[in-house]
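Below is one structure, written out as structure tokens; comments come after it.
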Number of protein chains: 2
Amino acid sequence: MDLRETLKAARTAARTLAALAGPERSALLEDFAAALSEPQTVRTVLAANATDLASAAEEERAGHLGPALIKRLSLDEKKLATTALGIVQLARMPELVGRTLTHRILDHGLILQRVSAPLGLLGVVFEARPDALVQIAGLAWKSGNAIVLKGGREAAHSNRALCAVAHRVLTGHGIDTRAMVLLEDRSEVASLLAQADLVEMLIARGSSELIRYVRGNTRIPVLAHADGICHVYLHASADPAMAAKILVDAKCSYPAACNAVETLLWDAGAGAALDACVEALTEHKVELRGCPETRKRHPRVLPASEADWDAEYGALILSLRQVPDLGAALDHIARHGSRHTDTIVAQDAEAAARFLAAVDSACVFHNASTRFSDGYRFGLGAEVGISTDKLHARGPVGVEGLLTYRWLLHGRGQCTTDYSPEGRHYIHRDLPIDR
Amino acid sequence: MDLRETLKAARTAARTLAALAGPERSALLEDFAAALSEPQTVRTVLAANATDLASAAEEERAGHLGPALIKRLSLDEKKLATTALGIVQLARMPELVGRTLTHRILDHGLILQRVSAPLGLLGVVFEARPDALVQIAGLAWKSGNAIVLKGGREAAHSNRALCAVAHRVLTGHGIDTRAMVLLEDRSEVASLLAQADLVEMLIARGSSELIRYVRGNTRIPVLAHADGICHVYLHASADPAMAAKILVDAKCSYPAACNAVETLLWDAGAGAALDACVEALTEHKVELRGCPETRKRHPRVLPASEADWDAEYGALILSLRQVPDLGAALDHIARHGSRHTDTIVAQDAEAAARFLAAVDSACVFHNASTRFSDGYRFGLGAEVGISTDKLHARGPVGVEGLLTYRWLLHGRGQCTTDYSPEGRHYIHRDLPIDR
């Protein structure tokens with residue numbers, strides 16, 4: 001395959017996807033969901049997945065792969081059905097391409113419109129999770145973008161089978177299958193990263209190592225989360241039972257997730273809430289590493305080193321640190337956080353308001369688990385990832401993060417030299433937008 | 001000056017700017033405008049500008065500088081007053097920081113808010129135009145961002161005088177003057193480009209050469225326009241008088257502007273419109289370079305080479321090319337355009353709709369001059385530049401392009417494990433937003 005020629009064809013196919021009318025786009029997605037639910041497809045996909053799983057099991061026995069990867073890799077009928085349901089939900093969301101975002105009279109007969117538009121061709125480098133391929137394809141089609149994909153090698157057979165389903169659906173709608181290009185060779189990733197003139201944006205999902213590699217080796221803008229060092233701060237007014245419940249959810253419900261908590265900061269006045277958390281977390285077999293003040297109160301907590309404040313454990317480990325007050329908590333988060341998700345537990349509304357106003361993270365919560373930081377939970381339909389960058393898209397990114405906009409101006413022959421203090425004046429009045 | 005220490009102080013000052021309440025922010029801007037209008041200030045600034053102009057005149061005589069630069073460099077009372085008026089307009093625009101962009105019930109007592117937020121510290125590298133410094137400071141303050149600035153060396157004295165005014169106003173509001181850092185040494189630009197952990201975004205204005213240097217030497221996201229190769233396409237249905245008027249405005253009102261037209265595409269059926277354009281442009285002393293078909297009709301047009309279709313003249317030169325139909329015009333623009341601004345002149349509404357839908361540029365116009373592509377004309381208050389990138393901000397960029405957002409979640413102790421097919425369900429209903 002000549003990658004550049006393929007990507008050029010993908011850009012052309014992107015124009016076809018972009019030009020689909022809303023009902024056509026929905027039909028494409030509904031057909032994809034239906035195809036994924038056909039018994040024959042399910043059998044083929046699960047057989048391919050079984051091949052991947054067999055190789056993975058061998059590698060696991062050899063110690064090259066962990067059980068977490070195998071869990072992410074494995075598909076079953078229920079997981080496939082849930083994935084297909086996600087595609088149906090995307091199909092039934094309102095059309096998001098070509099939406100009017102701004103509608104403004106510049107002058108009589110001179111109307112400015114800002115309309116949403118697809119980006120074009122997106123590159124996606126993702127982990128060994130075949131259901132992610134389906135989700136990404138759905139998000140790309142909903143946003144009118146073509147995609148070039150490279151999944152984890154462990155999922156090669158599953159990805160190929162799922163991609164074949166997507167290609168069948170595209171063909172059924174008269175769309176070039178190069179609207180969705182699956183790369184299989186690792187060396188092609190390096191070539192992909194070099195195509196800054198053809199690829200509008202890269203989405204990188206997976207290990208921090210992979211994300212760093214992608215960011216460090218391309219001039220294409222990358223959408224990814226850097227690290228997920230999330231904090232929970234127990235204010236002196238924290239309710240102990242609520243604090244313990246939130247900590248258990250934030251740490252134990254999925255410790256490998258980027259939105260899991262890594263550090264618990266506790267106010268000197270929040271001793272009772274700390275005690276409740278330590279008890280609950282110990283019950284859930286979380287390894288606790290604390291500052292001297294924490295260990296004074298709970299001697300069984302292990303000593304924390306400086307490195308613990310910057311660690312993304314991704315495991316049942318939590319660091320604990322006493323802070324003299326809210327200001328010190330804010331300083332700790334500004335210094336050690338990764339601008340992902342941080343939570344305050346407090347009954348005091350003023351303290352909560354101060355925390356929400358001051359923490360410069362993508363997601364800042366009051367009395368809620370950090371794990372709510374998620375596209376599905378936020379009601380975005382699905383997510384392509386969580387961005388810790390500040391530009392373009394921040395936090396959980398759904399379809400809207402895959403869109404840009406264009407400015408359209410409808411005139412009657414107007415020229416800029418018509419307008420001057422002595423001549424015509426601009427009106428600049430916004431018009432209502434039909435939704 | 002230790003640049004890193006200064007930039008760290010600037011980030012701290014950015015937090016103060018971000019935290020200003022709307023009325024405080026407006027007062028800051030009103031005070032800036034007032035300070036710029038004080039007779040003593042005007043005298044000081046104009047004296048500094050005279051020093052710059054004297055050096056520039058010397059360099060012009062030596063052939064190192066062009067008259068266009070001297071025009072951009074020169075300030076007078078009227079230009080200063082207009083600039084101050086722009087700051088007053090910004091002061092009176094609605095507050096844009098902390099605005100609710102999304103307001104959604106996830107569940108009873110679990111409310112999600114997306115609110116606009118400043119980016120933090122912005123770097124700005126700009127041309128020798130002292131009024132730009134004032135405009136950029138105004139936009140930064142309105143958006144709650146700190147800035148580090150490097151202007152063209154020719155404007156050094158003017159910039160220093162204007163920056164002193166801004167610093168006095170900041171001090172009067174109890175804000176660290178390092179909220180606005182002026183770099184004076186060219187070598188500091190290279191150091192600035194290396195501070196990816198401290199600077200959130202770079203704004204590059206000036207020559208294509210400068211922009212390419214900035215883009216090529218930093219990992220900080222850059223907001224800039226690459227090139228401004230704008231097209232006007234005359235459809236067979238174009239009104240000849242309108243076409244000629246638009247072409248004169250688009251080419252002659254400010255040929256050095258990035259939104260000036262560089263190539264005229266004419267439909268084989270638009271001969272009369274072409275004739276009107278050629279006549280009007282010739283009267284305005286525009287050098288015309290055409291394809292063989294154009295020259296067959298207008299033998300006095302010079303021959304165009306392939307390079308002309310990719311040229312940003314920035315001068316009174318225009319290339320002309322006949323295209324068989326609208327599709328061929330779209331192909332030419334896709335191949336040679338710079339995704340800045342393209343216009344169709346047509347009485348046929350269907351052709352216009354097709355053009356507006358298909359051209360993938362930041363600005364796509366029907367029957368209006370390309371020169372409307374401008375923040376002030378679009379009603380954005382002012383512009384920090386025109387972006388030809390697709391991510392974050394596209395086309396003319398005003399205050400909103402200097403903002404990001406944060407997701408705030410207000411809960412009562414909810415955990416993600418409370419929600420499941422068998423447990424609690426999400427509501428996901430958008431609430432009205434008060435404006």
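Going by the structure tokens order, chains are called A, B, ..., each with residues numbered from 1, while ligands are numbered from 1 in the order shown.
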Once chain A is fitted onto chain B by least squares over all its in-order Cα atoms, send the moved chain as a short mmCIF file (atom, residue, chain, number, x, y, z; two decimals) with C-alpha atoms, in the first residue's frame.
```cif
data_model
loop_
_atom_site.label_atom_id
_atom_site.label_comp_id
_atom_site.auth_asym_id
_atom_site.auth_seq_id
_atom_site.Cartn_x
_atom_site.Cartn_y
_atom_site.Cartn_z
CA MET A 1 15.88 39.13 33.20
CA ASP A 2 15.52 35.42 33.96
CA LEU A 3 12.89 34.51 31.38
CA ARG A 4 11.57 31.41 33.15
CA GLU A 5 11.19 33.22 36.47
CA THR A 6 9.44 36.10 34.70
CA LEU A 7 7.08 33.75 32.89
CA LYS A 8 6.27 31.94 36.13
CA ALA A 9 5.35 35.29 37.66
CA ALA A 10 3.30 36.03 34.54
CA ARG A 11 1.35 32.80 35.08
CA THR A 12 0.63 33.83 38.65
CA ALA A 13 -0.49 37.26 37.44
CA ALA A 14 -2.71 35.48 34.90
CA ARG A 15 -4.61 33.93 37.81
CA THR A 16 -5.33 37.43 39.12
CA LEU A 17 -6.55 38.56 35.69
CA ALA A 18 -8.67 35.43 35.38
CA ALA A 19 -10.31 36.02 38.74
CA LEU A 20 -11.40 39.61 38.01
CA ALA A 21 -15.15 40.12 38.21
CA GLY A 22 -16.78 41.49 35.06
CA PRO A 23 -17.06 45.10 36.31
CA GLU A 24 -13.43 45.10 37.50
CA ARG A 25 -12.32 43.83 34.11
CA SER A 26 -14.31 46.51 32.35
CA ALA A 27 -12.87 49.18 34.65
CA LEU A 28 -9.35 47.96 33.85
CA LEU A 29 -10.02 48.32 30.13
CA GLU A 30 -11.79 51.69 30.49
CA ASP A 31 -8.81 52.96 32.51
CA PHE A 32 -6.44 51.73 29.82
CA ALA A 33 -8.41 53.60 27.16
CA ALA A 34 -8.51 56.71 29.33
CA ALA A 35 -4.76 56.53 30.01
CA LEU A 36 -4.09 56.25 26.27
CA SER A 37 -6.08 59.43 25.71
CA GLU A 38 -4.32 61.59 28.34
CA PRO A 39 -2.50 64.49 26.58
CA GLN A 40 0.74 63.72 28.46
CA THR A 41 0.60 60.06 27.39
CA VAL A 42 -0.15 60.99 23.80
CA ARG A 43 2.88 63.30 23.75
CA THR A 44 5.18 60.66 25.26
CA VAL A 45 4.00 57.92 22.92
CA LEU A 46 4.23 60.09 19.82
CA ALA A 47 7.72 61.23 20.81
CA ALA A 48 8.81 57.59 21.15
CA ASN A 49 7.19 56.83 17.82
CA ALA A 50 9.04 59.75 16.23
CA THR A 51 12.33 58.19 17.38
CA ASP A 52 11.34 54.88 15.77
CA LEU A 53 10.24 56.67 12.60
CA ALA A 54 13.51 58.57 12.32
CA SER A 55 15.53 55.33 12.44
CA ALA A 56 13.13 53.70 10.01
CA ALA A 57 13.42 56.60 7.57
CA GLU A 58 17.18 56.20 7.64
CA GLU A 59 16.86 52.48 6.96
CA GLU A 60 14.41 53.18 4.18
CA ARG A 61 16.91 55.54 2.52
CA ALA A 62 19.48 52.77 2.81
CA GLY A 63 16.97 50.48 1.11
CA HIS A 64 16.48 48.15 4.10
CA LEU A 65 12.83 49.00 4.77
CA GLY A 66 9.84 49.55 2.51
CA PRO A 67 7.28 52.38 2.70
CA ALA A 68 4.54 49.89 3.75
CA LEU A 69 6.42 49.16 6.97
CA ILE A 70 6.77 52.85 7.72
CA LYS A 71 3.06 53.34 7.24
CA ARG A 72 2.27 50.52 9.68
CA LEU A 73 4.84 51.83 12.14
CA SER A 74 3.64 55.41 12.28
CA LEU A 75 1.27 56.61 14.98
CA ASP A 76 -0.63 59.88 15.16
CA GLU A 77 -3.27 61.31 17.47
CA LYS A 78 -6.09 59.98 15.33
CA LYS A 79 -4.70 56.43 15.15
CA LEU A 80 -4.14 56.44 18.94
CA ALA A 81 -7.68 57.69 19.54
CA THR A 82 -9.10 54.94 17.28
CA THR A 83 -7.05 52.36 19.14
CA ALA A 84 -8.29 53.64 22.50
CA LEU A 85 -11.85 53.50 21.17
CA GLY A 86 -11.30 49.82 20.35
CA ILE A 87 -10.39 49.24 24.00
CA VAL A 88 -13.56 51.01 25.14
CA GLN A 89 -15.57 48.73 22.86
CA LEU A 90 -13.93 45.67 24.43
CA ALA A 91 -14.70 47.07 27.90
CA ARG A 92 -18.37 47.36 26.98
CA MET A 93 -18.74 43.92 25.42
CA PRO A 94 -20.43 41.38 27.71
CA GLU A 95 -18.16 39.54 30.13
CA LEU A 96 -16.84 36.43 28.35
CA VAL A 97 -14.90 34.73 31.16
CA GLY A 98 -16.84 32.26 33.31
CA ARG A 99 -19.80 32.14 30.93
CA THR A 100 -21.91 28.98 31.08
CA LEU A 101 -21.66 27.22 27.72
CA THR A 102 -23.42 23.95 28.65
CA HIS A 103 -25.80 23.38 31.55
CA ARG A 104 -26.97 19.82 31.93
CA ILE A 105 -28.74 17.67 34.52
CA LEU A 106 -26.96 14.32 34.69
CA ASP A 107 -29.26 13.19 37.50
CA HIS A 108 -31.27 14.80 40.29
CA GLY A 109 -28.74 16.77 42.30
CA LEU A 110 -25.92 16.11 39.81
CA ILE A 111 -25.50 19.17 37.61
CA LEU A 112 -22.86 19.56 34.90
CA GLN A 113 -21.71 22.98 33.74
CA ARG A 114 -19.22 23.87 31.02
CA VAL A 115 -17.83 27.34 31.64
CA SER A 116 -15.48 29.48 29.58
CA ALA A 117 -12.03 30.06 31.09
CA PRO A 118 -8.85 31.92 30.13
CA LEU A 119 -6.00 29.91 28.65
CA GLY A 120 -3.37 31.33 31.04
CA LEU A 121 -0.19 32.80 29.55
CA LEU A 122 -0.07 33.64 25.84
CA GLY A 123 3.01 34.47 23.79
CA VAL A 124 2.60 36.98 20.99
CA VAL A 125 5.16 37.65 18.28
CA PHE A 126 3.98 40.49 16.11
CA GLU A 127 4.93 42.90 13.37
CA ALA A 128 6.19 46.49 13.72
CA ARG A 129 2.73 47.96 14.37
CA PRO A 130 2.53 49.63 17.78
CA ASP A 131 -1.27 49.89 17.72
CA ALA A 132 -1.30 46.07 17.57
CA LEU A 133 0.32 46.01 21.02
CA VAL A 134 -2.59 47.96 22.46
CA GLN A 135 -5.16 45.81 20.69
CA ILE A 136 -3.49 42.57 21.84
CA ALA A 137 -3.28 43.80 25.44
CA GLY A 138 -6.97 44.68 25.33
CA LEU A 139 -7.94 41.27 23.94
CA ALA A 140 -5.76 39.51 26.52
CA TRP A 141 -7.24 41.43 29.45
CA LYS A 142 -10.78 40.91 28.18
CA SER A 143 -10.10 37.17 28.03
CA GLY A 144 -8.29 37.10 31.41
CA ASN A 145 -4.93 36.03 30.00
CA ALA A 146 -1.39 37.20 30.75
CA ILE A 147 0.82 37.91 27.73
CA VAL A 148 4.46 37.94 26.82
CA LEU A 149 5.07 40.11 23.76
CA LYS A 150 7.77 40.55 21.19
CA GLY A 151 7.13 43.25 18.61
CA GLY A 152 9.09 44.21 15.54
CA ARG A 153 12.41 45.84 16.47
CA GLU A 154 11.56 48.92 14.36
CA ALA A 155 8.80 49.75 16.87
CA ALA A 156 10.93 49.26 20.01
CA HIS A 157 10.53 52.78 21.44
CA SER A 158 6.83 52.99 20.65
CA ASN A 159 6.17 49.58 22.19
CA ARG A 160 8.11 50.47 25.32
CA ALA A 161 6.11 53.68 25.76
CA LEU A 162 2.78 51.95 25.21
CA CYS A 163 3.73 49.08 27.50
CA ALA A 164 4.58 51.60 30.23
CA VAL A 165 1.03 52.98 29.94
CA ALA A 166 -0.41 49.47 30.28
CA HIS A 167 1.82 48.73 33.27
CA ARG A 168 0.68 51.93 35.01
CA VAL A 169 -2.94 50.85 34.56
CA LEU A 170 -2.23 47.32 35.84
CA THR A 171 -0.46 48.72 38.90
CA GLY A 172 -3.42 51.02 39.54
CA HIS A 173 -5.58 47.89 39.76
CA GLY A 174 -3.15 46.06 42.04
CA ILE A 175 -2.07 43.62 39.31
CA ASP A 176 1.55 42.53 38.91
CA THR A 177 2.92 44.24 35.78
CA ARG A 178 4.38 40.89 34.76
CA ALA A 179 0.86 40.12 33.51
CA MET A 180 2.27 41.83 30.41
CA VAL A 181 5.92 41.12 29.66
CA LEU A 182 7.62 42.96 26.81
CA LEU A 183 10.64 41.18 25.33
CA GLU A 184 13.07 43.46 23.56
CA ASP A 185 15.86 41.21 22.54
CA ARG A 186 15.48 39.02 19.48
CA SER A 187 17.36 36.17 21.16
CA GLU A 188 14.62 35.99 23.78
CA VAL A 189 12.16 34.81 21.11
CA ALA A 190 14.04 31.53 20.75
CA SER A 191 13.95 31.10 24.55
CA LEU A 192 10.24 31.91 24.58
CA LEU A 193 9.50 29.25 21.96
CA ALA A 194 11.13 26.66 24.23
CA GLN A 195 8.81 27.28 27.23
CA ALA A 196 6.12 24.79 26.27
CA ASP A 197 5.35 24.07 29.93
CA LEU A 198 4.65 27.72 30.75
CA VAL A 199 3.09 29.22 27.60
CA GLU A 200 -0.31 27.85 26.55
CA MET A 201 -0.48 29.29 23.04
CA LEU A 202 1.60 31.42 20.70
CA ILE A 203 0.08 34.00 18.41
CA ALA A 204 2.28 34.81 15.44
CA ARG A 205 1.55 37.81 13.26
CA GLY A 206 3.71 39.18 10.51
CA SER A 207 5.55 37.91 7.47
CA SER A 208 5.10 34.34 6.25
CA GLU A 209 8.79 33.91 6.98
CA LEU A 210 8.33 34.86 10.65
CA ILE A 211 5.30 32.57 10.99
CA ARG A 212 7.17 29.67 9.46
CA TYR A 213 10.07 30.27 11.82
CA VAL A 214 7.77 30.25 14.85
CA ARG A 215 5.87 27.13 13.74
CA GLY A 216 9.07 25.30 12.94
CA ASN A 217 10.74 25.98 16.27
CA THR A 218 8.28 25.29 19.03
CA ARG A 219 6.08 22.63 20.57
CA ILE A 220 3.66 25.29 21.81
CA PRO A 221 0.45 25.42 19.74
CA VAL A 222 0.63 28.35 17.30
CA LEU A 223 -2.30 30.46 16.18
CA ALA A 224 -1.45 32.06 12.85
CA HIS A 225 -2.42 32.20 9.26
CA ALA A 226 -0.13 30.31 6.96
CA ASP A 227 -0.77 32.01 3.63
CA GLY A 228 -3.56 34.09 2.22
CA ILE A 229 -4.13 32.76 -1.29
CA CYS A 230 -7.74 33.89 -1.76
CA HIS A 231 -9.86 33.27 -4.85
CA VAL A 232 -12.82 34.92 -6.52
CA TYR A 233 -14.75 32.64 -8.86
CA LEU A 234 -16.98 34.23 -11.52
CA HIS A 235 -19.85 31.85 -12.22
CA ALA A 236 -21.56 31.98 -15.64
CA SER A 237 -24.42 33.78 -13.89
CA ALA A 238 -22.18 36.50 -12.40
CA ASP A 239 -23.36 40.10 -12.72
CA PRO A 240 -20.54 41.93 -14.56
CA ALA A 241 -20.81 45.23 -12.65
CA MET A 242 -20.91 43.44 -9.29
CA ALA A 243 -17.96 41.26 -10.29
CA ALA A 244 -15.84 44.27 -11.24
CA LYS A 245 -16.70 46.12 -8.03
CA ILE A 246 -15.88 43.11 -5.84
CA LEU A 247 -12.60 42.48 -7.66
CA VAL A 248 -11.44 46.07 -7.24
CA ASP A 249 -12.25 45.98 -3.51
CA ALA A 250 -10.71 42.53 -3.03
CA LYS A 251 -7.49 43.38 -4.87
CA CYS A 252 -6.93 47.13 -4.57
CA SER A 253 -8.27 48.32 -1.20
CA TYR A 254 -5.25 46.83 0.64
CA PRO A 255 -3.19 44.53 -1.59
CA ALA A 256 -0.78 43.54 1.23
CA ALA A 257 -3.60 42.17 3.39
CA CYS A 258 -3.90 38.40 3.73
CA ASN A 259 -7.56 38.60 2.76
CA ALA A 260 -6.81 40.27 -0.60
CA VAL A 261 -7.62 38.19 -3.70
CA GLU A 262 -4.73 36.60 -5.60
CA THR A 263 -6.46 34.55 -8.29
CA LEU A 264 -9.56 35.19 -10.38
CA LEU A 265 -11.19 32.04 -11.76
CA TRP A 266 -13.73 32.63 -14.51
CA ASP A 267 -16.29 30.27 -15.93
CA ALA A 268 -16.18 29.82 -19.70
CA GLY A 269 -19.69 31.33 -19.66
CA ALA A 270 -18.66 34.39 -17.59
CA GLY A 271 -16.89 36.25 -20.40
CA ALA A 272 -18.82 39.49 -19.93
CA ALA A 273 -18.06 39.52 -16.19
CA LEU A 274 -14.39 38.83 -16.96
CA ASP A 275 -14.33 41.74 -19.41
CA ALA A 276 -15.75 44.11 -16.78
CA CYS A 277 -13.15 42.94 -14.24
CA VAL A 278 -10.23 43.27 -16.65
CA GLU A 279 -11.29 46.77 -17.56
CA ALA A 280 -11.73 47.90 -13.93
CA LEU A 281 -8.51 46.26 -12.72
CA THR A 282 -6.51 47.72 -15.61
CA GLU A 283 -7.82 51.15 -14.66
CA HIS A 284 -6.53 50.49 -11.13
CA LYS A 285 -3.12 49.58 -12.57
CA VAL A 286 -3.25 45.94 -11.51
CA GLU A 287 -0.78 43.70 -13.32
CA LEU A 288 -2.77 40.82 -14.83
CA ARG A 289 -1.28 37.39 -15.53
CA GLY A 290 -3.54 34.94 -17.33
CA CYS A 291 -3.88 31.44 -18.70
CA PRO A 292 -3.94 30.99 -22.51
CA GLU A 293 -7.77 31.19 -22.63
CA THR A 294 -7.75 34.44 -20.70
CA ARG A 295 -5.07 35.86 -23.03
CA LYS A 296 -7.03 34.77 -26.11
CA ARG A 297 -9.84 37.06 -24.95
CA HIS A 298 -7.57 39.78 -23.50
CA PRO A 299 -4.25 39.72 -25.38
CA ARG A 300 -2.74 42.51 -23.21
CA VAL A 301 -2.84 40.22 -20.16
CA LEU A 302 0.65 38.83 -19.45
CA PRO A 303 1.20 35.06 -19.56
CA ALA A 304 0.89 33.25 -16.22
CA SER A 305 3.18 30.40 -15.23
CA GLU A 306 2.27 27.43 -13.02
CA ALA A 307 3.88 29.24 -10.06
CA ASP A 308 1.29 32.02 -10.32
CA TRP A 309 -1.49 29.73 -9.04
CA ASP A 310 0.38 29.31 -5.76
CA ALA A 311 1.57 32.90 -5.36
CA GLU A 312 0.58 35.26 -2.57
CA TYR A 313 1.54 38.49 -4.34
CA GLY A 314 0.58 40.92 -1.59
CA ALA A 315 0.77 43.52 -4.35
CA LEU A 316 -1.24 44.87 -7.30
CA ILE A 317 -0.84 41.67 -9.28
CA LEU A 318 -3.63 39.20 -10.08
CA SER A 319 -3.60 35.84 -11.82
CA LEU A 320 -6.57 34.87 -14.03
CA ARG A 321 -7.62 31.42 -15.12
CA GLN A 322 -10.52 30.11 -17.13
CA VAL A 323 -12.24 27.02 -15.69
CA PRO A 324 -14.74 24.88 -17.60
CA ASP A 325 -17.25 24.80 -14.74
CA LEU A 326 -17.86 25.13 -11.01
CA GLY A 327 -16.39 21.70 -10.32
CA ALA A 328 -13.12 22.72 -11.92
CA ALA A 329 -13.12 25.92 -9.86
CA LEU A 330 -13.55 23.84 -6.69
CA ASP A 331 -10.67 21.58 -7.76
CA HIS A 332 -8.42 24.58 -8.42
CA ILE A 333 -9.20 26.07 -5.00
CA ALA A 334 -8.70 22.72 -3.22
CA ARG A 335 -5.33 22.34 -4.92
CA HIS A 336 -3.95 25.88 -4.82
CA GLY A 337 -5.89 27.70 -2.09
CA SER A 338 -4.67 28.26 1.44
CA ARG A 339 -8.05 27.65 3.11
CA HIS A 340 -8.32 31.34 4.02
CA THR A 341 -11.15 33.10 2.11
CA ASP A 342 -12.82 32.32 -1.22
CA THR A 343 -15.75 34.02 -2.92
CA ILE A 344 -18.21 33.08 -5.64
CA VAL A 345 -19.88 35.81 -7.70
CA ALA A 346 -23.13 34.37 -9.03
CA GLN A 347 -26.79 35.26 -9.48
CA ASP A 348 -27.57 31.55 -9.57
CA ALA A 349 -28.49 30.57 -6.00
CA GLU A 350 -27.90 26.87 -6.58
CA ALA A 351 -24.35 27.42 -7.81
CA ALA A 352 -23.69 29.65 -4.80
CA ALA A 353 -25.05 27.03 -2.40
CA ARG A 354 -22.84 24.38 -3.99
CA PHE A 355 -19.77 26.60 -3.68
CA LEU A 356 -20.51 27.49 -0.03
CA ALA A 357 -21.01 23.84 0.83
CA ALA A 358 -17.93 22.51 -0.92
CA VAL A 359 -15.08 24.95 -0.32
CA ASP A 360 -13.13 23.87 2.76
CA SER A 361 -11.82 27.31 3.73
CA ALA A 362 -12.14 29.29 6.95
CA CYS A 363 -14.31 31.86 5.12
CA VAL A 364 -16.48 31.16 2.08
CA PHE A 365 -18.47 34.06 0.63
CA HIS A 366 -21.20 34.65 -1.93
CA ASN A 367 -21.33 38.00 -3.72
CA ALA A 368 -19.09 39.78 -1.22
CA SER A 369 -15.48 40.92 -1.22
CA THR A 370 -12.85 38.61 0.33
CA ARG A 371 -11.78 41.59 2.44
CA PHE A 372 -14.80 41.15 4.75
CA SER A 373 -12.78 38.34 6.33
CA ASP A 374 -11.84 40.38 9.40
CA GLY A 375 -12.67 40.30 13.11
CA TYR A 376 -13.95 43.85 13.27
CA ARG A 377 -16.14 43.44 10.17
CA PHE A 378 -17.45 40.10 11.50
CA GLY A 379 -18.49 41.85 14.71
CA LEU A 380 -15.95 40.07 16.94
CA GLY A 381 -14.94 43.37 18.54
CA ALA A 382 -11.32 43.10 17.46
CA GLU A 383 -9.11 40.36 16.15
CA VAL A 384 -5.90 38.84 17.30
CA GLY A 385 -5.32 37.41 13.83
CA ILE A 386 -6.85 35.17 11.18
CA SER A 387 -6.34 31.45 11.62
CA THR A 388 -6.01 29.11 8.66
CA ASP A 389 -5.76 26.16 11.01
CA LYS A 390 -8.84 24.05 11.59
CA LEU A 391 -8.42 23.33 15.28
CA HIS A 392 -9.42 25.56 18.20
CA ALA A 393 -10.15 28.74 16.21
CA ARG A 394 -10.69 29.29 12.50
CA GLY A 395 -10.84 32.46 10.43
CA PRO A 396 -10.85 35.84 12.20
CA VAL A 397 -10.08 35.22 15.90
CA GLY A 398 -11.47 37.53 18.57
CA VAL A 399 -11.68 37.20 22.35
CA GLU A 400 -13.37 33.80 22.18
CA GLY A 401 -10.33 32.30 20.45
CA LEU A 402 -8.29 33.17 23.56
CA LEU A 403 -10.57 31.17 25.84
CA THR A 404 -10.87 27.53 26.74
CA TYR A 405 -13.45 25.93 29.02
CA ARG A 406 -13.69 23.79 32.13
CA TRP A 407 -16.29 21.20 33.12
CA LEU A 408 -17.75 21.73 36.60
CA LEU A 409 -19.84 19.06 38.28
CA HIS A 410 -21.97 19.84 41.32
CA GLY A 411 -22.99 16.71 43.27
CA ARG A 412 -24.20 15.43 46.59
CA GLY A 413 -21.80 12.56 47.02
CA GLN A 414 -22.73 10.56 43.90
CA CYS A 415 -20.50 7.73 42.69
CA THR A 416 -20.29 6.18 39.25
CA THR A 417 -21.02 2.72 40.66
CA ASP A 418 -24.48 4.01 41.69
CA TYR A 419 -25.37 3.99 37.99
CA SER A 420 -26.03 0.76 36.13
CA PRO A 421 -28.78 -0.87 34.07
CA GLU A 422 -30.14 -2.26 37.36
CA GLY A 423 -29.41 0.85 39.47
CA ARG A 424 -29.76 4.58 38.90
CA HIS A 425 -30.08 5.99 35.38
CA TYR A 426 -28.68 9.17 33.91
CA ILE A 427 -31.16 11.86 32.90
CA HIS A 428 -28.90 13.88 30.54
CA ARG A 429 -31.21 16.81 29.95
CA ASP A 430 -29.91 20.25 28.92
CA LEU A 431 -31.11 23.24 30.93
CA PRO A 432 -31.63 26.69 29.47
CA ILE A 433 -28.63 28.99 29.73
CA ASP A 434 -29.11 32.51 31.10
CA ARG A 435 -27.36 35.07 28.96
#
```
query = Could you pull out all residues of range 194-283 of chain B with a DSSP call of strand (DSSP E or B) and give them as a PyMOL selection string?
reply = chain B and resi 201-204+222-223+230-234+261-267
ask   = Could you write out, as a PyMOL selection string, all the residues of range 184-389 of chain B that DSSP marks as alpha helix (DSSP H)?
value = chain B and resi 187-193+208-216+240-252+271-283+292-297+326-336+349-358
